[in-house]
Each structure stands twice: as C-alpha cells, then as structure tokens.
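Colleague: input.txt is the file, holding compact mmCIF, C-alpha atoms:
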# COMPACT_ATOMS: atom_id res chain seq x y z
CA MET A 1 76.88 110.84 111.50
CA ASN A 2 79.21 111.30 114.47
CA PRO A 3 82.75 111.49 113.06
CA ILE A 4 84.18 109.45 115.93
CA THR A 5 82.03 106.42 115.08
CA PRO A 6 83.25 105.35 111.62
CA LYS A 7 81.48 102.61 109.73
CA VAL A 8 82.78 100.06 107.26
CA LEU A 9 81.13 100.44 103.86
CA TYR A 10 82.68 97.33 102.31
CA GLN A 11 85.40 94.80 103.08
CA GLU A 12 86.94 91.87 101.27
CA ALA A 13 89.79 89.41 101.81
CA ASN A 14 92.24 88.74 99.01
CA PRO A 15 92.06 85.38 97.18
CA TYR A 16 94.85 84.00 99.41
CA GLY A 17 92.84 84.80 102.54
CA SER A 18 95.81 86.69 103.99
CA PHE A 19 94.99 90.39 103.64
CA THR A 20 91.72 92.30 104.00
CA ALA A 21 90.89 95.63 102.39
CA PHE A 22 88.05 97.74 103.68
CA LEU A 23 86.47 101.12 102.97
CA GLU A 24 85.60 103.18 106.03
CA GLU A 25 83.55 106.36 106.32
CA ASP A 26 83.58 108.67 109.35
CA GLY A 27 81.05 111.29 108.21
CA ARG A 28 83.85 113.46 106.78
CA THR A 29 85.98 111.23 104.60
CA ILE A 30 86.22 107.78 103.07
CA TYR A 31 89.49 105.88 103.42
CA LEU A 32 90.72 102.59 102.01
CA TYR A 33 92.64 100.39 104.46
CA LEU A 34 94.67 97.23 103.98
CA GLN A 35 95.65 94.93 106.85
CA SER A 36 97.47 91.62 107.22
CA HIS A 37 95.86 88.62 108.92
CA ASN A 38 99.05 86.72 109.70
CA ASN A 39 102.00 89.10 109.96
CA PRO A 40 101.91 91.30 113.09
CA GLU A 41 104.93 93.27 111.84
CA TRP A 42 103.11 94.31 108.66
CA GLN A 43 101.76 97.81 109.30
CA MET A 44 98.24 98.68 108.14
CA LYS A 45 98.15 100.72 104.91
CA THR A 46 95.85 103.72 104.50
CA LEU A 47 94.66 105.73 101.50
CA TRP A 48 92.32 108.71 101.27
CA VAL A 49 89.59 108.07 98.71
CA ARG A 50 87.30 111.14 98.93
CA ASN A 51 85.86 113.83 101.17
CA ILE A 52 82.13 113.66 101.86
CA ILE A 53 82.11 117.19 103.27
CA ASP A 54 83.20 120.37 101.52
CA ALA A 55 86.98 120.60 101.55
CA PRO A 56 88.23 123.03 104.19
CA ASP A 57 90.89 125.67 103.62
CA SER A 58 93.08 123.90 106.17
CA ARG A 59 93.00 120.85 108.41
CA SER A 60 91.66 121.24 111.92
CA GLU A 61 93.98 120.77 114.87
CA GLU A 62 91.01 119.35 116.73
CA ASP A 63 90.79 116.52 114.15
CA PHE A 64 94.39 115.58 114.88
CA ASP A 65 93.75 115.68 118.62
CA LEU A 66 90.81 113.29 118.16
CA GLY A 67 92.89 110.95 115.99
CA LEU A 68 90.59 111.38 112.98
CA ALA A 69 91.61 110.49 109.46
CA PRO A 70 92.84 113.65 107.68
CA VAL A 71 90.44 115.54 105.43
CA LEU A 72 92.11 116.81 102.27
CA THR A 73 92.00 120.58 101.81
CA LYS A 74 90.78 122.72 98.91
CA SER A 75 94.24 122.96 97.35
CA GLU A 76 94.70 119.18 97.46
CA VAL A 77 91.48 118.00 95.78
CA THR A 78 90.13 118.20 92.25
CA ASP A 79 86.72 119.45 93.42
CA PRO A 80 86.24 121.17 96.79
CA LYS A 81 82.55 120.26 96.92
CA ALA A 82 81.50 117.27 99.00
CA GLN A 83 81.43 113.93 97.19
CA SER A 84 78.64 111.46 97.81
CA SER A 85 79.15 108.48 100.07
CA LEU A 86 79.29 104.97 98.57
CA THR A 87 77.06 101.93 98.72
CA GLU A 88 78.23 98.34 98.62
CA ASP A 89 76.77 97.68 95.17
CA GLN A 90 78.94 100.47 93.71
CA ILE A 91 82.19 99.04 95.04
CA HIS A 92 84.46 96.48 93.42
CA PHE A 93 88.04 95.49 94.32
CA ILE A 94 90.68 94.06 92.01
CA TRP A 95 93.57 92.56 93.92
CA SER A 96 97.15 92.48 92.75
CA GLU A 97 98.48 89.11 91.65
CA GLU A 98 100.65 89.14 94.77
CA GLY A 99 97.68 89.83 97.05
CA ASP A 100 99.27 92.78 98.87
CA ALA A 101 97.82 95.64 96.80
CA VAL A 102 94.27 96.52 95.78
CA ALA A 103 92.45 98.70 93.25
CA LEU A 104 89.11 100.32 94.06
CA PHE A 105 86.51 100.56 91.34
CA VAL A 106 83.36 102.63 91.83
CA ASP A 107 80.61 102.02 89.25
CA GLU A 108 83.22 100.28 87.01
CA GLU A 109 85.64 103.23 87.16
CA LEU A 110 89.09 102.95 88.71
CA GLN A 111 89.09 105.55 91.48
CA ALA A 112 91.87 104.53 93.85
CA TYR A 113 94.90 102.26 93.96
CA LEU A 114 96.63 101.17 97.18
CA PRO A 115 99.99 99.70 96.06
CA SER A 116 102.44 97.35 97.71
CA TRP A 117 104.76 100.33 98.27
CA SER A 118 102.16 102.20 100.31
CA GLY A 119 103.78 103.70 103.38
CA ILE A 120 107.23 104.04 101.74
CA LYS A 121 108.78 107.48 101.13
CA GLY A 122 105.54 109.22 102.06
CA ILE A 123 103.43 107.49 99.40
CA HIS A 124 100.09 106.13 100.61
CA GLY A 125 98.50 105.44 97.25
CA TYR A 126 96.63 107.08 94.43
CA SER A 127 93.14 108.61 94.32
CA LYS A 128 91.04 110.07 91.51
CA PHE A 129 90.09 113.13 93.58
CA ALA A 130 93.62 114.03 94.72
CA LYS A 131 94.90 117.01 92.72
CA GLU A 132 98.41 117.18 94.20
CA GLU A 133 100.62 115.29 96.59
CA ALA A 134 98.79 115.24 99.93
CA PRO A 135 99.61 113.62 103.28
CA THR A 136 97.48 110.52 102.58
CA ALA A 137 96.94 110.43 98.79
CA SER A 138 98.61 111.18 95.47
CA PRO A 139 96.94 111.92 92.11
CA LEU A 140 95.74 108.79 90.27
CA GLY A 141 95.99 110.23 86.80
CA ASP A 142 94.15 108.74 83.84
CA PRO A 143 92.09 105.79 85.17
CA ASP A 144 92.15 104.10 81.74
CA ASN A 145 95.74 104.60 80.65
CA GLY A 146 99.17 104.89 82.19
CA VAL A 147 101.31 102.79 84.51
CA ILE A 148 98.74 102.22 87.25
CA ALA A 149 95.89 101.51 84.85
CA GLU A 150 98.01 99.00 82.94
CA ARG A 151 99.09 97.33 86.17
CA VAL A 152 95.48 96.93 87.25
CA LYS A 153 94.51 95.57 83.83
CA GLY A 154 97.32 93.02 84.13
CA ASN A 155 96.02 91.95 87.54
CA ARG A 156 92.49 91.57 86.18
CA LYS A 157 93.83 89.42 83.34
CA PHE A 158 95.77 87.25 85.80
CA TRP A 159 92.72 86.52 87.97
CA GLU A 160 90.63 85.79 84.89
CA SER A 161 93.25 83.29 83.69
CA VAL A 162 93.50 81.39 87.00
CA ALA A 163 89.70 81.18 87.10
CA GLU A 164 89.62 79.21 83.85
CA LYS A 165 88.44 75.65 84.33
CA ASP A 166 91.61 73.87 83.16
CA HIS A 167 94.14 76.41 84.43
CA TRP A 168 95.54 74.32 87.28
CA LYS A 169 95.76 71.15 85.21
CA LYS A 170 97.81 72.98 82.57
CA ALA A 171 100.00 74.67 85.19
CA GLN A 172 100.58 71.43 87.07
CA THR A 173 101.43 69.54 83.88
CA LEU A 174 103.89 72.21 82.72
CA ARG A 175 105.86 72.06 85.95
CA LEU A 176 105.71 68.31 86.51
CA GLU A 177 106.77 67.53 82.94
CA PHE A 178 109.71 69.94 83.25
CA LEU A 179 110.88 68.35 86.49
CA GLU A 180 110.47 64.84 85.09
CA SER A 181 112.55 65.82 82.05
CA LYS A 182 115.36 66.76 84.45
CA LEU A 183 114.93 64.31 87.34
CA GLY A 184 113.07 61.32 85.93
CA LYS A 185 109.55 60.12 86.65
CA HIS A 186 108.24 61.37 89.98
CA GLN A 187 107.95 58.83 92.79
CA THR A 188 105.20 60.36 94.92
CA TYR A 189 102.87 63.34 94.61
CA TRP A 190 101.06 65.12 97.44
CA SER A 191 98.43 67.84 97.30
CA ALA A 192 99.65 70.76 99.43
CA ASP A 193 96.93 73.40 99.19
CA GLY A 194 94.39 72.14 101.71
CA GLY A 195 91.64 72.64 99.16
CA LYS A 196 92.14 76.42 99.10
CA TYR A 197 93.63 78.80 96.54
CA PRO A 198 96.30 78.71 95.29
CA SER A 199 96.47 75.12 94.03
CA LEU A 200 99.77 73.56 95.09
CA GLY A 201 101.50 70.20 95.20
CA ILE A 202 104.76 68.48 96.18
CA ALA A 203 106.52 65.75 94.22
CA SER A 204 109.51 63.54 95.01
CA PHE A 205 112.13 62.17 92.60
CA LEU A 206 115.06 59.72 92.59
CA PRO A 207 117.20 60.99 89.70
CA LYS A 208 119.49 58.43 88.06
CA GLU A 209 122.15 61.10 87.55
CA PHE A 210 122.46 61.48 91.34
CA PRO A 211 122.40 58.01 92.93
CA GLY A 212 121.38 58.03 96.57
CA ILE A 213 119.90 61.53 96.35
CA LYS A 214 116.17 62.12 96.79
CA ILE A 215 114.69 65.40 95.60
CA PHE A 216 111.42 66.99 96.67
CA SER A 217 109.96 69.98 94.82
CA THR A 218 106.90 72.15 95.21
CA ILE A 219 104.55 72.31 92.24
CA GLY A 220 102.61 75.53 91.64
CA MET A 221 104.25 78.26 93.70
CA SER A 222 105.52 79.74 90.43
CA VAL A 223 101.99 80.22 89.07
CA GLN A 224 101.84 83.59 90.86
CA ASN A 225 104.36 86.30 91.73
CA GLN A 226 105.63 86.56 95.28
CA PRO A 227 104.53 89.66 97.19
CA SER A 228 106.78 92.64 98.09
CA ILE A 229 109.78 91.51 96.05
CA GLU A 230 109.66 94.56 93.77
CA LEU A 231 110.33 96.74 96.82
CA TYR A 232 113.75 95.11 97.26
CA HIS A 233 114.87 93.69 93.91
CA LYS A 234 115.59 95.86 90.87
CA ASP A 235 115.12 92.98 88.43
CA TYR A 236 112.18 91.61 90.41
CA GLU A 237 110.26 90.08 87.51
CA ASN A 238 113.05 87.54 86.97
CA PHE A 239 112.95 86.50 90.64
CA SER A 240 109.24 86.74 91.52
CA ARG A 241 108.26 83.21 90.56
CA ILE A 242 109.74 80.35 92.54
CA GLU A 243 109.53 76.70 93.49
CA LEU A 244 111.13 75.33 96.66
CA VAL A 245 113.37 72.26 96.41
CA PHE A 246 114.78 69.99 99.10
CA ALA A 247 117.44 67.46 98.10
CA ILE A 248 118.70 64.91 100.65
CA GLN A 249 121.35 62.22 100.65
CA LEU A 250 119.75 58.99 101.78
CA LEU A 251 121.65 57.04 104.40
CA LYS A 252 123.15 53.74 103.30
CA ASP A 253 121.79 50.56 104.90
CA ALA A 254 119.13 52.54 106.76
CA PRO A 255 115.40 53.05 106.19
CA ASP A 256 114.38 56.11 104.17
CA LYS A 257 112.81 58.54 106.66
CA SER A 258 112.71 61.51 104.31
CA GLU A 259 108.98 61.33 103.71
CA THR A 260 108.26 61.52 107.44
CA TRP A 261 109.36 65.16 107.50
CA ILE A 262 110.49 66.78 104.25
CA GLN A 263 107.13 67.08 102.51
CA HIS A 264 105.79 68.50 105.78
CA VAL A 265 108.57 71.12 105.73
CA LEU A 266 107.65 72.13 102.21
CA GLY A 267 103.95 71.95 103.02
CA GLU A 268 104.41 74.43 105.86
CA MET A 269 106.39 76.83 103.67
CA VAL A 270 104.51 76.57 100.39
CA LYS A 271 102.05 79.40 101.14
CA PHE A 272 104.35 81.46 103.36
CA PRO A 273 104.99 84.37 100.95
CA TRP A 274 101.32 85.01 100.25
CA ASN A 275 100.28 84.42 103.87
CA THR A 276 102.78 86.93 105.26
CA GLY A 277 103.72 89.33 102.45
CA ILE A 278 107.37 88.19 102.79
CA TRP A 279 109.24 86.87 99.74
CA PHE A 280 111.75 84.04 99.38
CA GLY A 281 115.07 84.67 97.64
CA HIS A 282 118.72 83.64 97.46
CA SER A 283 120.47 83.62 100.85
CA HIS A 284 117.29 84.30 102.80
CA THR A 285 117.04 82.29 106.02
CA ILE A 286 113.95 80.77 107.59
CA GLN A 287 113.40 78.54 110.59
CA ASN A 288 113.06 74.81 110.05
CA PRO A 289 109.67 73.70 111.43
CA ARG A 290 110.64 70.00 111.55
CA LYS A 291 113.45 67.93 112.99
CA ASP A 292 115.63 65.78 110.77
CA PRO A 293 115.22 62.32 112.34
CA ASP A 294 118.66 61.27 111.07
CA GLN A 295 120.68 64.32 112.19
CA LEU A 296 123.87 63.17 113.92
CA TYR A 297 126.14 66.04 114.94
CA LEU A 298 124.02 69.13 114.33
CA ASP A 299 120.53 70.36 115.07
CA PHE A 300 119.37 71.75 111.74
CA ASN A 301 117.11 74.49 113.09
CA TRP A 302 117.34 76.82 110.07
CA PHE A 303 117.39 76.86 106.30
CA VAL A 304 119.31 79.15 104.00
CA LEU A 305 117.91 79.37 100.47
CA ARG A 306 120.06 78.92 97.39
CA ASN A 307 118.91 80.00 93.94
CA LEU A 308 120.44 77.31 91.74
CA THR A 309 118.48 78.53 88.70
CA ASP A 310 120.21 81.90 88.79
CA GLU A 311 123.59 80.24 89.29
CA LEU A 312 122.96 77.93 86.33
CA ASP A 313 121.80 80.81 84.13
CA ASN A 314 125.06 82.59 84.96
CA GLY A 315 127.16 79.47 84.34
CA ILE A 316 128.79 79.43 87.77
CA VAL A 317 127.92 75.92 88.98
CA ASP A 318 128.17 72.37 87.77
CA GLY A 319 127.38 68.97 89.21
CA VAL A 320 123.86 70.04 90.16
CA PRO A 321 120.41 69.27 88.70
CA ILE A 322 119.85 71.39 85.62
CA LEU A 323 116.80 73.17 86.99
CA ASN A 324 116.75 76.20 84.76
CA GLY A 325 114.81 76.95 81.60
CA LEU A 326 111.25 76.61 82.90
CA ILE A 327 109.28 79.62 81.65
CA THR A 328 106.02 80.39 83.44
CA GLU A 329 102.72 81.62 82.07
CA ASN A 330 103.82 85.26 82.30
CA GLY A 331 106.92 84.67 80.16
CA LYS A 332 109.36 84.88 83.09
CA ARG A 333 111.62 82.18 84.49
CA THR A 334 110.92 79.87 87.39
CA ASN A 335 113.58 80.09 90.12
CA PHE A 336 114.22 76.81 91.92
CA LEU A 337 115.32 77.71 95.45
CA PHE A 338 117.07 74.88 97.29
CA LEU A 339 116.57 74.61 101.04
CA THR A 340 119.94 74.17 102.72
CA PRO A 341 119.63 73.05 106.38
CA ILE A 342 122.00 74.80 108.79
CA SER A 343 122.48 74.91 112.54
CA THR A 344 121.76 77.89 114.77
CA GLU A 345 125.52 78.44 115.21
CA GLU A 346 126.03 78.41 111.44
CA ARG A 347 123.24 80.93 111.00
CA ILE A 348 124.90 83.23 113.55
CA CYS A 349 128.10 83.03 111.49
CA PHE A 350 126.07 83.54 108.32
CA MET A 351 124.51 86.74 109.70
CA ARG A 352 127.86 87.98 111.04
CA GLU A 353 130.14 87.09 108.12
CA GLY A 354 127.68 87.57 105.26
CA SER A 355 126.27 85.31 102.59
CA GLN A 356 129.32 85.36 100.30
CA LYS A 357 131.59 84.09 103.08
CA PHE A 358 129.04 81.40 103.94
CA TRP A 359 128.75 80.06 100.38
CA ASP A 360 132.51 80.23 99.83
CA THR A 361 133.02 78.19 103.01
CA TRP A 362 130.24 75.80 101.99
CA LYS A 363 131.97 75.08 98.68
CA GLN A 364 135.43 74.85 100.27
CA GLU A 365 134.11 72.16 102.60
CA GLY A 366 132.99 70.22 99.52
CA TYR A 367 129.27 70.43 100.27
CA SER A 368 126.87 70.36 97.36
CA PHE A 369 123.19 71.01 96.63
CA PHE A 370 121.88 68.19 98.82
CA HIS A 371 121.46 67.83 102.57
CA ASP A 372 123.74 65.43 104.46
CA SER A 373 122.14 64.56 107.81
CA GLU A 374 125.50 63.44 109.20
CA ARG A 375 127.64 66.39 108.18
CA ARG A 376 129.68 68.39 110.67
CA MET A 377 129.60 72.13 111.33
CA LEU A 378 131.15 74.55 108.86
CA GLU A 379 134.43 76.08 110.02
CA PHE A 380 134.40 79.79 109.23
Step by step, read the file and then write its structure as structure tokens.
Modeller:
Amino acid sequence: MNPITPKVLYQEANPYGSFTAFLEEDGRTIYLYLQSHNNPEWQMKTLWVRNIIDAPDSRSEEDFDLGLAPVLTKSEVTDPKAQSSLTEDQIHFIWSEEGDAVALFVDEELQAYLPSWSGIKGIHGYSKFAKEEAPTASPLGDPDNGVIAERVKGNRKFWESVAEKDHWKKAQTLRLEFLESKLGKHQTYWSADGGKYPSLGIASFLPKEFPGIKIFSTIGMSVQNQPSIELYHKDYENFSRIELVFAIQLLKDAPDKSETWIQHVLGEMVKFPWNTGIWFGHSHTIQNPRKDPDQLYLDFNWFVLRNLTDELDNGIVDGVPILNGLITENGKRTNFLFLTPISTEERICFMREGSQKFWDTWKQEGYSFFHDSERRMLEF
C-alpha cells in the first residue's frame, strides 16, 4: 500500500457523541487518533500502536519531509519484526468515563491506552509494543495489572453500570430525593437530555427557608466525572462530579418570568463539559446564552461559578441552602455549583483583580447565593 494514502481501519464515537477515536494504517505503521467534534481548540491526540514493517535502525528524514507518522526504531520496540495489520473484528474500544480517553483492545487484550493527558510533557500514550520512551508512545506495561489496567477496568465497570436497565431511575431518585430533603418538594421537572446519553433533567424548587427565592438544579450531571479536571486539580476526585444550580430572587408584585429563560440556560450548559472536554469548577466563568427579562441596571452577559458545597464542607458560609452531603455512585461527593450572573464589566474586573477580590467584594456588598435582577454593579 502507498504510505501516503492511509486508510482508517476502525473508528468510533464516544458515548457522549463528542469525541471520535480511529485507527489508521499507512502501510508502515498503525496509529490511534482522538479528535473533538465540538471544540476547535482541542488538539488531536496521536498514539503509535505498532509497526507493520520491520523496525528500522533509525527514522528516515524523507518520512519527516513527507509528513508521515513516525515509525518506531529497533531500540524503541519490543520486537523489531513487522507486526500484522488489524481487522475490524479484532478491535474493541473502551472509553474513559469522562469520554476524553480511550483504550484499545485487540482480540480481548489491552494493547494501547490514549489518556486524557496525551500531548502533555511529551506523553502521547501507552502501547504494548513500545519498549522505551519514544517520540509517539511509551511502554504500556502489564496489560492486566497496574495503574493503567486498573483504570481501564474501572471504566469498563462504569459503562456496564450505566447500561443497567434501572440505572437512571435510581440515579434520578437519589438526586431528586436529596434536593427535596433540602429544598422541599420540587415544583416542575424537565427532561434535559434530548433523548441521548447521558440522561439529564432540571427541577425547580420554592424552599420555605428562603421566601421569594426560586431554585433550579440540574439532575444527573453528577452521574459521571467531568473530563480533563485531573489535569488541573490535585484532589480532582472530590471535584469531578457536579450539578449546576441557579437561584433567583423573584420580583414582588410582578409575574414570575424565571421559567422563560433559566431552565434554558441550564439546558444549554448541562452537557457542556462532555461536549467540549472543558470542566466546570469554582470561579470559572462562562457566557450567559440567555437574557434576563427582568434585568434593570446591568446586562448579565456572563456567569461566574461558585462551589457552595466546598464552602459548606469547610464551614465558611451560612445563610445558604445546605447542599452538601450527597454522595454519588462512585463514593465521592456531588459539588453543587451556583451560577452567579455578572456583567461584562464585572468579568473584566474579575479577570484583572482575581477571584478572591471578586468574592470578597461580593460579600461586602451583601450579595448572597441568589441572583437579583435589579442589583447594581459591584464597586471594586
């Protein structure tokens, strides 16, 4: 086969429909690639899987000139002899829970793992036939034991659990009952998944403890870990599972317009992490896709996220809904992130002055966990 006309041996989208992995052969090598469907800033990941020619003593300059995928050399592979190519019936992928990493099985054996940290610090991923650190692959190690093997087994177990017939009903009940124990019986419930995985909902509440405050919460985001968070957060397992919350102060002697926009805001954000590979956390900012119909002085074009669960666990807030203590199916906590609407000017100050200054100013102004459509701009 002409090496400049590669062919795709197998490809598959993750269960979220947001990333595709594919195996490609060019007559010399087989590589595993991972690409994003929705995030143009997310660079394609690459991993060498095997040579299908005898390993050379050194790489050819001509290959580089032609832009060909690198062949690994004799010193870099476990066996310098050519490996066979692959057929579709030999190939099986197991996706990470987060959807941004993938394991390659060949004839039921783990042979390669392309992790979420591919492309960072020179790591592309791990291959069975890599003997030492090479430009596009690192040694996989024992395919049945060790850190990578255990991670892949955990991912397999996760996908098996969510495939169980009553999984969503149990997950939905766990979260809704927790919220109702804190906020009272829900007022309205909307399906928010569009009939596609993952199953998601939104519920609204009018808690007696907070008269005049209406609270909306997602239901089901915390069933699965957010992608990429472990690349940025040391204690990532305690922050990987989230629900988004929007609390609003209803205007007195005026019709309640909250349901004309807030559930749409949450509905447009509910799949964002898995669609883009970008996680939500405390003090992250994101654009507001909807206009507050009751805004008076400010255009609330942005949100800044506030992790009230973490604040409650650390005993540093009071006078807020007690939304901590919900443990998910993996034994880790659910983090309830409150959407705090801010103006473009406030976001500029936020980015310039830093999150601590913003939250200190927020509290000094007497603002709380809920949105006030008629509030004035923060004075930094």
Colleague: Taking into account all atoms listed in the file, which residue in the set A:Arg50, A:Arg59, A:Lys196, A:Lys169 is nearest to Ser138 in chain A?
Modeller: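 Nearest candidate to Ser138 in chain A out of A:Arg50, A:Arg59, A:Lys196, A:Lys169: A:Arg50.
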Colleague: Which one is closest to Ile30 in chain A: A:Ser116, A:Thr136, A:Ser217, A:Ser343? Count all atoms listed in the file.
Modeller: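 Among the listed residues, A:Thr136 lies closest to Ile30 in chain A.
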Colleague: Within 12 Å of (117.7, 67.7, 112.4) in the file's own coordinates, which protein, DNA or RNA residues have an atom, counting only C-alpha atoms? List them as a ChimeraX atom specification.
Modeller: /A:257-258,261-262,265,287-303,340-344,371-375
Colleague: Can you measure CA of Glu12 in chain A to CA of His37 in chain A for me? One decimal in Å is fine.
Modeller: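 Atom-to-atom, CA of Glu12 in chain A and CA of His37 in chain A are spaced 12.2 Å apart.
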Colleague: List the spatial neighbours of Gly201 in chain A as a PyMOL selection string - criterion: any atom at most 6 Å away, all atoms listed in the file, same-chain residues fewer than 4 positions off excluded.
Modeller: chain A and resi 190-192+218-219
Colleague: Please list as a ChimeraX atom specification every residue within 10 Å of Pro227 in chain A, counting all atoms listed in the file and excluding residues in the same chain fewer than 2 positions away.
Modeller: /A:96-101,116,224-225,229-231,240-241,273-280
Colleague: Write out as an MDAnalysis selection string each polymer residue whose atoms come within 8 Å of Glu25 in chain A, counting all atoms listed in the file; drop sequence neighbours fewer than 6 positions from it.
Modeller: chainID A and resid 6:9 31 85
Colleague: Do you have the CA of Gln364 in chain A-CA of Arg376 in chain A distance handy?
Modeller: 13.5 Å
Colleague: In Å, with one decimal, what is the gap from CA of Lys128 in chain A to CA of Gln111 in chain A?
Modeller: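 Value for the CA of Lys128 in chain A-CA of Gln111 in chain A distance: 4.9 Å.
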Colleague: Tell me which protein, DNA and RNA residues are within 7 Å of range 69-84 of chain A, counting only C-alpha atoms, leaving out same-chain ones fewer than 3 positions away, and put them as a PDB file with C-alpha atoms, keeping the file's coordinate frame.
Modeller:
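Saved the output as out-v9.pdb:
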ATOM      1  CA  THR A  29      85.980 111.230 104.600  1.00  0.00           C
ATOM      2  CA  ARG A  50      87.300 111.140  98.930  1.00  0.00           C
ATOM      3  CA  ASN A  51      85.860 113.830 101.170  1.00  0.00           C
ATOM      4  CA  ILE A  52      82.130 113.660 101.860  1.00  0.00           C
ATOM      5  CA  ILE A  53      82.110 117.190 103.270  1.00  0.00           C
ATOM      6  CA  ASP A  54      83.200 120.370 101.520  1.00  0.00           C
ATOM      7  CA  ALA A  55      86.980 120.600 101.550  1.00  0.00           C
ATOM      8  CA  PRO A  56      88.230 123.030 104.190  1.00  0.00           C
ATOM      9  CA  ASP A  57      90.890 125.670 103.620  1.00  0.00           C
ATOM     10  CA  SER A  58      93.080 123.900 106.170  1.00  0.00           C
ATOM     11  CA  ARG A  59      93.000 120.850 108.410  1.00  0.00           C
ATOM     12  CA  PHE A 129      90.090 113.130  93.580  1.00  0.00           C
ATOM     13  CA  ALA A 130      93.620 114.030  94.720  1.00  0.00           C
ATOM     14  CA  LYS A 131      94.900 117.010  92.720  1.00  0.00           C
ATOM     15  CA  GLU A 132      98.410 117.180  94.200  1.00  0.00           C
ATOM     16  CA  ALA A 134      98.790 115.240  99.930  1.00  0.00           C
TER      17      ALA A 134
END
Colleague: So that I can check the surroundings of His186 in chain A, please list as a ChimeraX atom specification every protein, DNA and RNA residue that reaches within 7 Å of it, counting only C-alpha atoms and ignoring chain neighbours fewer than 5 positions away.
Modeller: /A:180,203-205
Colleague: Between A:Gln356, A:Thr46, A:Tyr10, A:Gly146, which residue has the minimum interatomic distance to Leu114 in chain A, considering only C-alpha atoms?
Modeller: A:Thr46
Colleague: Point out the residue among A:Asp142, A:Ala103, A:Glu62, A:Asn238 with the least atom-to-atom distance to Lys332 in chain A, counting all atoms listed in the file.
Modeller: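 Smallest distance to Lys332 in chain A is found for A:Asn238.
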Colleague: Ranking A:Thr260, A:Ser60, A:Ser368, A:Thr361 by minimum distance to Arg306 in chain A and counting all atoms listed in the file, which one comes first?
Modeller: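 Among the listed residues, the smallest separation from Arg306 in chain A belongs to A:Ser368.
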Colleague: Point out the residue among A:Arg347, A:Arg333, A:Lys182, A:His264 with the least atom-to-atom distance to Glu237 in chain A, counting all atoms listed in the file.
Modeller: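 Using all atoms listed in the file, Glu237 in chain A sits closest to A:Arg333.
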Colleague: As an mmCIF file, in the frame of the given file, please: range 243-255 of chain A completed to N, CA, C and O atoms.
Modeller:
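Output contents, as saved in selection.cif:
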data_model
loop_
_atom_site.group_PDB
_atom_site.id
_atom_site.type_symbol
_atom_site.label_atom_id
_atom_site.label_comp_id
_atom_site.auth_asym_id
_atom_site.auth_seq_id
_atom_site.Cartn_x
_atom_site.Cartn_y
_atom_site.Cartn_z
ATOM 1 N N GLU A 243 109.903 77.977 92.889
ATOM 2 C CA GLU A 243 109.530 76.700 93.490
ATOM 3 C C GLU A 243 110.598 76.379 94.531
ATOM 4 O O GLU A 243 111.778 76.721 94.353
ATOM 5 N N LEU A 244 110.196 75.749 95.620
ATOM 6 C CA LEU A 244 111.130 75.330 96.660
ATOM 7 C C LEU A 244 111.546 73.880 96.426
ATOM 8 O O LEU A 244 110.712 73.038 96.088
ATOM 9 N N VAL A 245 112.825 73.597 96.632
ATOM 10 C CA VAL A 245 113.370 72.260 96.410
ATOM 11 C C VAL A 245 114.165 71.833 97.639
ATOM 12 O O VAL A 245 114.890 72.635 98.230
ATOM 13 N N PHE A 246 113.997 70.579 98.010
ATOM 14 C CA PHE A 246 114.780 69.990 99.100
ATOM 15 C C PHE A 246 115.395 68.704 98.577
ATOM 16 O O PHE A 246 114.686 67.782 98.211
ATOM 17 N N ALA A 247 116.719 68.651 98.541
ATOM 18 C CA ALA A 247 117.440 67.460 98.100
ATOM 19 C C ALA A 247 118.172 66.867 99.311
ATOM 20 O O ALA A 247 118.806 67.601 100.074
ATOM 21 N N ILE A 248 118.085 65.555 99.485
ATOM 22 C CA ILE A 248 118.700 64.910 100.650
ATOM 23 C C ILE A 248 119.453 63.668 100.215
ATOM 24 O O ILE A 248 119.027 62.929 99.320
ATOM 25 N N GLN A 249 120.589 63.449 100.859
ATOM 26 C CA GLN A 249 121.350 62.220 100.650
ATOM 27 C C GLN A 249 120.805 61.147 101.572
ATOM 28 O O GLN A 249 120.813 61.297 102.794
ATOM 29 N N LEU A 250 120.310 60.084 100.984
ATOM 30 C CA LEU A 250 119.750 58.990 101.780
ATOM 31 C C LEU A 250 120.876 58.204 102.436
ATOM 32 O O LEU A 250 121.935 57.990 101.846
ATOM 33 N N LEU A 251 120.647 57.795 103.670
ATOM 34 C CA LEU A 251 121.650 57.040 104.400
ATOM 35 C C LEU A 251 121.751 55.610 103.864
ATOM 36 O O LEU A 251 120.729 54.982 103.553
ATOM 37 N N LYS A 252 122.951 55.109 103.761
ATOM 38 C CA LYS A 252 123.150 53.740 103.300
ATOM 39 C C LYS A 252 122.753 52.753 104.388
ATOM 40 O O LYS A 252 122.996 52.984 105.568
ATOM 41 N N ASP A 253 122.158 51.648 103.969
ATOM 42 C CA ASP A 253 121.790 50.560 104.900
ATOM 43 C C ASP A 253 120.917 51.057 106.051
ATOM 44 O O ASP A 253 121.056 50.627 107.205
ATOM 45 N N ALA A 254 120.045 52.000 105.747
ATOM 46 C CA ALA A 254 119.130 52.540 106.760
ATOM 47 C C ALA A 254 117.798 52.849 106.073
ATOM 48 O O ALA A 254 117.759 53.142 104.877
ATOM 49 N N PRO A 255 116.703 52.754 106.803
ATOM 50 C CA PRO A 255 115.400 53.050 106.190
ATOM 51 C C PRO A 255 115.320 54.514 105.767
ATOM 52 O O PRO A 255 115.899 55.402 106.402
#
